[in-house]
file start-v5.cif (mmCIF, C-alpha atoms)
data_upload
#
loop_
_atom_site.label_atom_id
_atom_site.label_comp_id
_atom_site.auth_asym_id
_atom_site.auth_seq_id
_atom_site.Cartn_x
_atom_site.Cartn_y
_atom_site.Cartn_z
CA MET A 256 -33.81 -25.77 -20.14
CA LEU A 257 -35.73 -26.36 -16.92
CA THR A 258 -38.58 -26.86 -16.64
CA TRP A 259 -38.90 -27.75 -20.33
CA SER A 260 -36.18 -30.39 -19.98
CA PHE A 261 -38.89 -32.95 -19.17
CA LEU A 262 -40.39 -32.48 -22.65
CA LEU A 263 -37.12 -32.70 -24.57
CA PRO A 264 -37.17 -36.53 -24.91
CA TRP A 265 -40.65 -36.24 -26.43
CA ALA A 266 -39.67 -33.44 -28.82
CA LEU A 267 -36.33 -34.94 -29.86
CA GLY A 268 -37.76 -38.44 -30.30
CA LYS A 269 -39.87 -37.48 -33.30
CA ARG A 270 -38.34 -38.35 -36.68
CA PRO A 271 -39.94 -36.41 -39.54
CA ALA A 272 -37.88 -36.06 -42.73
CA ASP A 273 -37.01 -32.40 -42.28
CA PRO A 274 -33.58 -30.90 -43.11
CA HIS A 275 -34.24 -27.95 -40.78
CA ARG A 276 -34.83 -30.32 -37.88
CA ALA A 277 -31.66 -32.25 -38.75
CA PHE A 278 -29.68 -29.00 -38.79
CA LEU A 279 -30.98 -27.98 -35.34
CA LEU A 280 -30.23 -31.42 -33.90
CA LEU A 281 -26.71 -31.32 -35.30
CA TRP A 282 -26.18 -27.80 -33.96
CA ALA A 283 -27.16 -28.80 -30.42
CA ALA A 284 -25.27 -32.10 -30.52
CA VAL A 285 -21.97 -30.59 -31.71
CA VAL A 286 -21.95 -28.02 -28.89
CA LEU A 287 -22.88 -30.53 -26.17
CA VAL A 288 -20.49 -33.26 -27.33
CA PHE A 289 -17.55 -30.92 -27.92
CA PHE A 290 -17.71 -29.32 -24.48
CA SER A 291 -18.46 -32.63 -22.78
CA LEU A 292 -15.19 -34.00 -24.18
CA SER A 293 -13.22 -30.83 -23.50
CA ARG A 294 -11.05 -30.82 -20.36
CA GLY A 295 -11.47 -27.08 -19.81
CA LYS A 296 -15.08 -25.96 -19.60
CA LEU A 297 -17.58 -23.79 -17.76
CA ALA A 298 -21.35 -24.21 -17.66
CA PRO A 299 -22.07 -21.15 -19.88
CA TYR A 300 -20.14 -22.76 -22.75
CA VAL A 301 -23.21 -24.87 -23.62
CA LEU A 302 -25.51 -21.85 -23.97
CA PRO A 303 -25.33 -21.98 -27.81
CA ALA A 304 -27.00 -25.42 -27.64
CA LEU A 305 -30.08 -24.05 -25.88
CA LEU A 306 -31.34 -22.04 -28.87
CA PRO A 307 -31.71 -25.01 -31.28
CA LEU A 308 -33.22 -27.13 -28.48
CA ALA A 309 -35.73 -24.36 -27.74
CA LEU A 310 -36.63 -24.10 -31.42
CA LEU A 311 -37.13 -27.86 -31.70
CA LEU A 312 -39.29 -27.97 -28.60
CA GLY A 313 -41.27 -24.88 -29.57
CA ARG A 314 -41.98 -26.33 -32.98
CA GLU A 315 -43.46 -29.50 -31.49
CA LEU A 316 -45.50 -27.54 -28.92
CA SER A 317 -46.94 -25.33 -31.67
CA GLY A 318 -48.61 -28.42 -33.13
CA LEU A 319 -50.60 -29.14 -29.95
CA GLU A 320 -53.45 -26.73 -30.63
CA SER A 321 -56.21 -29.32 -30.37
CA VAL A 322 -57.34 -31.45 -27.45
CA TRP A 323 -57.03 -34.55 -29.62
CA ARG A 324 -53.29 -34.09 -30.06
CA PHE A 325 -52.91 -34.33 -26.29
CA VAL A 326 -55.11 -37.39 -26.09
CA GLU A 327 -53.34 -39.22 -28.91
CA ASP A 328 -49.74 -38.52 -27.88
CA ARG A 329 -48.90 -41.01 -25.11
CA VAL A 330 -45.23 -40.00 -24.89
CA LEU A 331 -46.23 -36.38 -24.28
CA ARG A 332 -48.68 -37.37 -21.55
CA LEU A 333 -46.04 -39.57 -19.92
CA SER A 334 -43.51 -36.72 -20.05
CA LEU A 335 -45.97 -34.34 -18.42
CA LEU A 336 -46.80 -36.92 -15.75
CA VAL A 337 -43.11 -37.47 -14.92
CA TRP A 338 -42.62 -33.70 -14.77
CA GLY A 339 -45.62 -33.21 -12.47
CA LEU A 340 -44.74 -36.10 -10.15
CA THR A 341 -41.15 -34.88 -9.92
CA GLY A 342 -42.45 -31.47 -8.93
CA LEU A 343 -44.73 -32.94 -6.26
CA LEU A 344 -41.84 -35.02 -4.90
CA LEU A 345 -39.56 -31.96 -4.71
CA THR A 346 -42.34 -29.98 -3.01
CA ALA A 347 -42.86 -32.73 -0.43
CA LEU A 348 -39.12 -32.94 0.23
CA TYR A 349 -38.97 -29.18 0.70
CA PHE A 350 -41.82 -29.04 3.24
CA TRP A 351 -41.07 -32.36 4.98
CA PRO A 352 -37.34 -32.98 4.46
CA PRO A 353 -35.51 -35.87 6.12
CA ALA A 354 -32.89 -34.80 8.66
CA PRO A 355 -29.83 -34.84 6.33
CA LEU A 356 -31.68 -32.85 3.67
CA SER A 357 -33.03 -30.42 6.27
CA ARG A 358 -29.48 -29.32 7.07
CA GLU A 359 -28.71 -28.85 3.39
CA LEU A 360 -31.84 -26.74 2.89
CA ALA A 361 -31.13 -24.42 5.84
CA PRO A 362 -29.22 -21.83 3.72
CA ALA A 363 -32.24 -21.61 1.39
CA ALA A 364 -34.53 -20.26 4.16
CA PRO A 365 -34.25 -16.59 3.03
CA PHE A 366 -35.54 -17.63 -0.41
CA ALA A 367 -38.72 -19.32 0.85
CA ALA A 368 -41.00 -16.60 -0.57
CA LEU A 369 -39.64 -17.40 -4.05
CA ILE A 370 -39.07 -21.14 -3.71
CA ILE A 371 -42.66 -21.96 -2.68
CA PRO A 372 -44.43 -20.35 -5.68
CA GLY A 373 -41.67 -21.75 -7.91
CA LEU A 374 -42.33 -25.29 -6.68
CA MET A 375 -46.08 -24.81 -7.07
CA GLY A 376 -45.69 -23.58 -10.66
CA PHE A 377 -43.23 -26.38 -11.40
CA SER A 378 -45.65 -29.03 -10.10
CA LEU A 379 -49.02 -27.71 -11.21
CA THR A 380 -48.17 -26.57 -14.75
CA PRO A 381 -47.79 -30.07 -16.28
CA LEU A 382 -50.65 -31.51 -14.19
CA ALA A 383 -52.98 -28.70 -15.29
CA ALA A 384 -51.93 -29.29 -18.92
CA LEU A 385 -52.82 -32.98 -18.51
CA LEU A 386 -56.18 -32.09 -17.00
CA TRP A 387 -57.24 -29.43 -19.55
CA ARG A 388 -55.16 -30.72 -22.48
CA ARG A 389 -54.36 -27.26 -23.77
CA VAL A 390 -50.91 -26.04 -24.76
CA GLY A 391 -51.86 -22.59 -23.43
CA VAL A 392 -51.67 -23.96 -19.90
CA LEU A 393 -47.99 -24.76 -20.46
CA PHE A 394 -47.32 -21.24 -21.65
CA LEU A 395 -49.13 -19.70 -18.65
CA GLY A 396 -47.01 -21.83 -16.35
CA ALA A 397 -43.89 -20.76 -18.24
CA LEU A 398 -44.84 -17.11 -17.77
CA LEU A 399 -45.31 -17.65 -14.03
CA LEU A 400 -41.93 -19.36 -13.66
CA THR A 401 -40.23 -16.77 -15.85
CA ALA A 402 -41.67 -13.94 -13.72
CA LEU A 403 -39.90 -15.45 -10.71
CA VAL A 404 -36.48 -15.38 -12.37
CA PRO A 405 -35.61 -11.64 -11.91
CA PRO A 406 -36.32 -11.54 -8.14
CA VAL A 407 -34.50 -14.87 -7.69
CA VAL A 408 -31.45 -13.59 -9.56
CA GLU A 409 -31.45 -10.31 -7.60
CA THR A 410 -31.82 -12.10 -4.26
CA VAL A 411 -29.03 -14.55 -5.07
CA SER A 412 -26.77 -11.80 -6.41
CA LEU A 413 -27.00 -9.86 -3.13
CA ARG A 414 -25.42 -12.87 -1.42
CA ARG A 415 -23.07 -14.14 -4.12
CA SER A 416 -22.05 -11.18 -6.27
CA PRO A 417 -19.06 -8.98 -5.28
CA ARG A 418 -20.92 -6.00 -6.72
CA GLU A 419 -20.73 -3.96 -3.51
CA VAL A 420 -16.99 -4.59 -3.27
CA GLY A 421 -16.51 -3.22 -6.77
CA ARG A 422 -18.67 -0.21 -6.01
CA ALA A 423 -16.68 0.51 -2.84
CA VAL A 424 -13.50 0.62 -4.94
CA GLN A 425 -15.19 2.82 -7.52
CA ALA A 426 -16.49 5.26 -4.90
CA GLN A 427 -13.06 5.86 -3.34
CA TRP A 428 -10.89 5.67 -6.43
CA ARG A 429 -8.46 8.48 -7.14
CA PRO A 430 -5.94 9.13 -9.96
CA GLY A 431 -2.88 6.92 -9.55
CA ALA A 432 -4.64 4.38 -7.32
CA ALA A 433 -4.30 0.63 -7.85
CA LEU A 434 -6.36 -2.50 -7.19
CA VAL A 435 -4.29 -5.46 -5.96
CA GLY A 436 -5.43 -9.04 -5.58
CA VAL A 437 -3.49 -10.76 -2.82
CA ARG A 438 -3.43 -14.33 -4.16
CA LEU A 439 -7.00 -13.65 -5.25
CA TYR A 440 -8.66 -12.53 -8.47
CA SER A 441 -12.28 -11.59 -9.08
CA GLN A 442 -13.70 -10.79 -12.50
CA GLY A 443 -16.77 -9.37 -10.72
CA VAL A 444 -14.80 -6.88 -8.62
CA SER A 445 -12.90 -5.78 -11.73
CA PHE A 446 -16.15 -5.39 -13.67
CA TYR A 447 -18.07 -3.40 -11.05
CA SER A 448 -15.10 -1.19 -10.09
CA GLY A 449 -14.06 -0.57 -13.70
CA GLN A 450 -10.43 -1.26 -12.75
CA VAL A 451 -7.89 -3.95 -13.65
CA PHE A 452 -6.20 -6.10 -11.02
CA HIS A 453 -2.53 -6.12 -10.17
CA LEU A 454 -1.91 -9.66 -8.97
CA LEU A 455 0.45 -11.08 -6.41
CA ASN A 456 1.98 -13.88 -8.45
CA PHE A 457 -0.17 -17.00 -8.31
CA LYS A 458 -1.78 -19.37 -10.79
CA THR A 459 -5.02 -18.17 -12.40
CA GLU A 460 -6.58 -18.34 -15.85
CA LEU A 461 -4.47 -15.24 -16.55
CA ASP A 462 -1.23 -17.17 -16.13
CA PHE A 463 -0.93 -17.65 -19.89
CA GLY A 464 -0.96 -13.88 -20.36
CA ARG A 465 1.61 -13.47 -17.58
CA ARG A 466 4.00 -15.82 -19.39
CA LEU A 467 3.57 -13.88 -22.64
CA LYS A 468 4.12 -10.49 -21.01
CA PRO A 469 5.87 -11.04 -17.66
CA HIS A 470 6.87 -7.36 -17.43
CA SER A 471 3.43 -5.88 -18.06
CA GLY A 472 3.37 -4.35 -14.57
CA LEU A 473 0.22 -6.25 -13.65
CA PHE A 474 1.97 -9.17 -11.92
CA LEU A 475 3.86 -8.86 -8.62
CA ALA A 476 6.46 -11.55 -7.95
CA ASN A 477 6.25 -11.64 -4.12
CA ILE A 478 4.75 -9.85 -1.17
CA LYS A 479 7.83 -7.60 -0.72
CA GLU A 480 7.45 -6.34 -4.26
CA MET A 481 3.73 -5.84 -3.62
CA ALA A 482 4.46 -3.75 -0.50
CA GLY A 483 6.88 -1.57 -2.44
CA PHE A 484 4.35 -1.19 -5.26
CA ALA A 485 1.66 -0.07 -2.78
CA ALA A 486 4.01 2.42 -1.15
CA SER A 487 4.61 4.06 -4.55
CA ARG A 488 0.88 4.68 -5.13
CA PRO A 489 -1.28 7.36 -3.51
CA ARG A 490 -3.93 4.75 -2.69
CA THR A 491 -4.03 0.97 -3.04
CA PHE A 492 -7.02 -1.32 -2.64
CA PHE A 493 -6.21 -4.83 -1.44
CA TYR A 494 -8.67 -7.64 -2.12
CA LEU A 495 -7.82 -10.84 -0.23
CA LYS A 496 -9.05 -13.76 1.82
CA ALA A 497 -9.58 -12.79 5.45
CA ASP A 498 -7.05 -15.38 6.65
CA GLU A 499 -4.34 -13.67 4.55
CA LEU A 500 -4.68 -10.45 6.58
CA PRO A 501 -1.98 -11.16 9.24
CA GLU A 502 0.71 -11.58 6.57
CA LEU A 503 -0.38 -8.40 4.80
CA GLU A 504 -0.37 -6.44 8.08
CA ARG A 505 3.22 -7.54 8.75
CA GLU A 506 4.37 -6.25 5.37
CA VAL A 507 2.19 -3.13 5.23
CA PRO A 508 1.75 -2.14 8.90
CA GLY A 509 -0.37 0.61 10.34
CA LYS A 510 -2.07 2.11 7.28
CA LEU A 511 -4.69 -0.48 6.31
CA ARG A 512 -8.37 0.35 6.62
CA LEU A 513 -11.22 -2.11 6.13
CA LEU A 514 -13.78 -0.96 3.56
CA THR A 515 -16.10 -3.94 3.16
CA ARG A 516 -16.23 -7.72 3.04
CA HIS A 517 -17.83 -10.36 0.85
CA LYS A 518 -18.14 -13.91 2.18
CA ASP A 519 -14.63 -14.81 3.38
CA CYS A 520 -12.98 -12.00 1.37
CA ILE A 521 -12.19 -8.47 2.52
CA LEU A 522 -11.39 -5.18 0.80
CA LEU A 523 -8.79 -2.93 2.44
CA VAL A 524 -7.51 0.48 1.43
CA TYR A 525 -3.92 1.61 1.98
CA GLU A 526 -2.78 5.23 1.76
CA GLY A 527 0.70 5.31 0.22
CA LYS A 528 2.89 8.23 -0.71
#

call {"tool": "encode", "arguments": {"input": "start-v5.cif", "output": "structure tokens"}}
result
Amino acid sequence: MLTWSFLLPWALGKRPADPHRAFLLLWAAVVLVFFSLSRGKLAPYVLPALLPLALLLGRELSGLESVWRFVEDRVLRLSLLVWGLTGLLLTALYFWPPAPLSRELAPAAPFAALIIPGLMGFSLTPLAALLWRRVGVLFLGALLLTALVPPVVETVSLRRSPREVGRAVQAQWRPGAALVGVRLYSQGVSFYSGQVFHLLNFKTELDFGRRLKPHSGLFLANIKEMAGFAASRPRTFFYLKADELPELEREVPGKLRLLTRHKDCILLVYEGK
């Protein structure tokens, strides 16, 4: 909900007798509470709560068409001030970080061209809304910040996504080939290659499926079985952590070729029968 999170206390604190509002509040609360209590969870699980929160916030913002609404609403002005001051503080910490923070920010250096306008939009949007007291200023700031999202996502994905690994598998795939995860599984590699993983037996979120169908052919009990499986295929792609390579080379000597790497993971191809 960033950067609108700063306005949520203002929007949610209003108490008109409105069954639609009550329904949206209940919708958001059930999702957030349920997954907060759940032991197994991922961040995307709370996405269904964002729609009712956005509707609640948008409804309150739609009533700020006049200057007088800004002047009269002290909680709104306080929320905007906190938002703006937080943005200025983050901007100051980015440009003049203390030594410990400077080390933490070092990996963000390649993103400076996107971070700087993002921080400026984050800081100036609420302050400009306070100065001109027009809801349109908030929407212009939102458009600026939203325009930064696609290049940020693309820049981050080039560093974090295993897309190129999956494409390397796809480019060299042949009938009868197999993709093997050596104590490693990547949904991204499977997605971008269009192929399922055969897994050297280890605990993953797929372990439940392995117990239901242990003889599905997708799970390899040990590295000896994996080597025999690879020898029976015309081509096998191995995806593994780089430090697992010596063990793999002992079991499958002489025919491994490095295709690409992603972070501390490597993709190898093995020509079998």

call {"tool": "resolve_selection", "arguments": {"input": "start-v5.cif", "expression": "the PyMOL selection byres ((chain A and resi 383) around 12)", "output": "list in words"}}
result
Arg332, Leu335, Leu336, Trp338, Gly339, Met375, Gly376, Phe377, Ser378, Leu379, Thr380, Pro381, Leu382, Ala384, Leu385, Leu386, Trp387, Arg388, Arg389, Val390, Gly391, Val392, Leu393, Phe394, Leu395 and Gly396 of chain A

call {"tool": "atom_distance", "arguments": {"input": "start-v5.cif", "atom1": "atom CA of Ser334 of chain A", "atom2": "atom CA of Gly373 of chain A"}}
result
19.4 Å

call {"tool": "resolve_selection", "arguments": {"input": "start-v5.cif", "expression": "the PyMOL selection byres ((chain A and resi 438) around 10)", "output": "PyMOL selection string"}}
result
chain A and resi 435-437+439-440+454-459+478+494-496+499

call {"tool": "atom_distance", "arguments": {"input": "start-v5.cif", "atom1": "atom CA of Pro299 of chain A", "atom2": "atom CA of Ala361 of chain A"}}
result
27.5 Å

call {"tool": "residues_around", "arguments": {"input": "start-v5.cif", "residues": "Lys269 of chain A", "least_positions_apart": "5", "cutoff": "12 Å", "atoms": "all atoms listed in the file", "output": "count of residues only"}}
result
13

call {"tool": "residues_around", "arguments": {"input": "start-v5.cif", "residues": "Thr515 of chain A", "least_positions_apart": "4", "cutoff": "7 Å", "atoms": "all atoms listed in the file", "output": "PyMOL selection string"}}
result
chain A and resi 420+521-522

call {"tool": "resolve_selection", "arguments": {"input": "start-v5.cif", "expression": "the PyMOL selection byres ((chain A and resi 527) around 7)", "output": "ChimeraX atom specification"}}
result
/A:485-490,525-526,528

call {"tool": "atom_distance", "arguments": {"input": "start-v5.cif", "atom1": "atom CA of Gly318 of chain A", "atom2": "atom CA of Ala266 of chain A"}}
result
11.1 Å

call {"tool": "closest_residue", "arguments": {"input": "start-v5.cif", "among": "A:Pro274, A:Leu511, A:Leu344, A:Glu320", "to": "Leu374 of chain A", "atoms": "all atoms listed in the file"}}
result
A:Leu344

call {"tool": "closest_residue", "arguments": {"input": "start-v5.cif", "among": "A:Phe261, A:Trp428, A:Val407, A:Ala497", "to": "Thr341 of chain A", "atoms": "all atoms listed in the file"}}
result
A:Phe261

call {"tool": "residues_near_point", "arguments": {"input": "start-v5.cif", "point": "(-38.1, -16.6, -3.2)", "cutoff": "10 Å", "atoms": "only C-alpha atoms", "output": "JSON, numbers by chain"}}
result
{"A": [363, 364, 365, 366, 367, 368, 369, 370, 371, 372, 373, 403, 404, 406, 407, 408, 410, 411]}

call {"tool": "write_last_selection", "arguments": {"input": "start-v5.cif", "atoms": "C-alpha atoms", "output": "mmCIF file, keeping the file's coordinate frame"}}
result
data_model
loop_
_atom_site.group_PDB
_atom_site.id
_atom_site.type_symbol
_atom_site.label_atom_id
_atom_site.label_comp_id
_atom_site.auth_asym_id
_atom_site.auth_seq_id
_atom_site.Cartn_x
_atom_site.Cartn_y
_atom_site.Cartn_z
ATOM 1 C CA ALA A 363 -32.240 -21.610 1.390
ATOM 2 C CA ALA A 364 -34.530 -20.260 4.160
ATOM 3 C CA PRO A 365 -34.250 -16.590 3.030
ATOM 4 C CA PHE A 366 -35.540 -17.630 -0.410
ATOM 5 C CA ALA A 367 -38.720 -19.320 0.850
ATOM 6 C CA ALA A 368 -41.000 -16.600 -0.570
ATOM 7 C CA LEU A 369 -39.640 -17.400 -4.050
ATOM 8 C CA ILE A 370 -39.070 -21.140 -3.710
ATOM 9 C CA ILE A 371 -42.660 -21.960 -2.680
ATOM 10 C CA PRO A 372 -44.430 -20.350 -5.680
ATOM 11 C CA GLY A 373 -41.670 -21.750 -7.910
ATOM 12 C CA LEU A 403 -39.900 -15.450 -10.710
ATOM 13 C CA VAL A 404 -36.480 -15.380 -12.370
ATOM 14 C CA PRO A 406 -36.320 -11.540 -8.140
ATOM 15 C CA VAL A 407 -34.500 -14.870 -7.690
ATOM 16 C CA VAL A 408 -31.450 -13.590 -9.560
ATOM 17 C CA THR A 410 -31.820 -12.100 -4.260
ATOM 18 C CA VAL A 411 -29.030 -14.550 -5.070
#

call {"tool": "axis_aligned_box", "arguments": {"input": "start-v5.cif", "around": "segment 353-365 of chain A", "padding_each_side": "4 Å", "output": "lines of an AutoDock Vina configuration file"}}
result
center_x = -32.1
center_y = -26.2
center_z = 5.0
size_x = 14.8
size_y = 27.3
size_z = 15.3

call {"tool": "closest_residue", "arguments": {"input": "start-v5.cif", "among": "A:Val451, A:Gly342, A:His517, A:Ala482", "to": "Leu413 of chain A", "atoms": "all atoms listed in the file"}}
result
A:His517

call {"tool": "decode", "arguments": {"input": "start-v5.cif", "residues": "segment 366-417 of chain A", "atoms": "C-alpha atoms", "output": "mmCIF file, in the first residue's frame"}}
result
data_model
loop_
_atom_site.group_PDB
_atom_site.id
_atom_site.type_symbol
_atom_site.label_atom_id
_atom_site.label_comp_id
_atom_site.auth_asym_id
_atom_site.auth_seq_id
_atom_site.Cartn_x
_atom_site.Cartn_y
_atom_site.Cartn_z
ATOM 1 C CA PHE A 366 19.430 1.667 -8.847
ATOM 2 C CA ALA A 367 20.350 5.281 -8.031
ATOM 3 C CA ALA A 368 18.689 6.655 -11.191
ATOM 4 C CA LEU A 369 15.375 5.191 -9.993
ATOM 5 C CA ILE A 370 15.780 5.609 -6.235
ATOM 6 C CA ILE A 371 16.422 9.373 -6.353
ATOM 7 C CA PRO A 372 13.245 10.368 -8.270
ATOM 8 C CA GLY A 373 11.323 7.829 -6.174
ATOM 9 C CA LEU A 374 12.479 9.467 -2.941
ATOM 10 C CA MET A 375 11.697 12.925 -4.324
ATOM 11 C CA GLY A 376 8.169 11.874 -5.315
ATOM 12 C CA PHE A 377 7.695 10.128 -1.983
ATOM 13 C CA SER A 378 8.729 13.248 -0.043
ATOM 14 C CA LEU A 379 7.270 16.058 -2.129
ATOM 15 C CA THR A 380 3.840 14.584 -2.924
ATOM 16 C CA PRO A 381 2.366 14.939 0.605
ATOM 17 C CA LEU A 382 4.133 18.261 1.232
ATOM 18 C CA ALA A 383 2.789 19.696 -2.038
ATOM 19 C CA ALA A 384 -0.705 18.454 -1.107
ATOM 20 C CA LEU A 385 -0.391 20.271 2.240
ATOM 21 C CA LEU A 386 0.760 23.445 0.498
ATOM 22 C CA TRP A 387 -1.899 23.546 -2.265
ATOM 23 C CA ARG A 388 -4.584 21.557 -0.424
ATOM 24 C CA ARG A 389 -5.783 19.797 -3.546
ATOM 25 C CA VAL A 390 -6.401 16.063 -3.845
ATOM 26 C CA GLY A 391 -5.186 16.261 -7.458
ATOM 27 C CA VAL A 392 -1.657 16.780 -6.178
ATOM 28 C CA LEU A 393 -1.817 13.382 -4.477
ATOM 29 C CA PHE A 394 -2.938 11.737 -7.689
ATOM 30 C CA LEU A 395 -0.151 13.396 -9.711
ATOM 31 C CA GLY A 396 2.365 12.129 -7.184
ATOM 32 C CA ALA A 397 0.821 8.665 -7.395
ATOM 33 C CA LEU A 398 1.177 8.711 -11.184
ATOM 34 C CA LEU A 399 4.854 9.688 -10.875
ATOM 35 C CA LEU A 400 5.581 6.898 -8.396
ATOM 36 C CA THR A 401 3.576 4.386 -10.424
ATOM 37 C CA ALA A 402 5.540 5.288 -13.580
ATOM 38 C CA LEU A 403 8.721 4.266 -11.754
ATOM 39 C CA VAL A 404 7.439 0.785 -10.937
ATOM 40 C CA PRO A 405 7.981 -0.938 -14.353
ATOM 41 C CA PRO A 406 11.658 0.116 -14.730
ATOM 42 C CA VAL A 407 12.304 -0.766 -11.072
ATOM 43 C CA VAL A 408 10.767 -4.213 -11.503
ATOM 44 C CA GLU A 409 12.706 -4.827 -14.728
ATOM 45 C CA THR A 410 15.992 -3.683 -13.181
ATOM 46 C CA VAL A 411 15.488 -5.841 -10.100
ATOM 47 C CA SER A 412 14.393 -8.842 -12.163
ATOM 48 C CA LEU A 413 17.622 -8.768 -14.188
ATOM 49 C CA ARG A 414 19.493 -9.362 -10.928
ATOM 50 C CA ARG A 415 17.061 -11.594 -9.044
ATOM 51 C CA SER A 416 15.031 -13.529 -11.601
ATOM 52 C CA PRO A 417 16.331 -16.854 -13.014
#
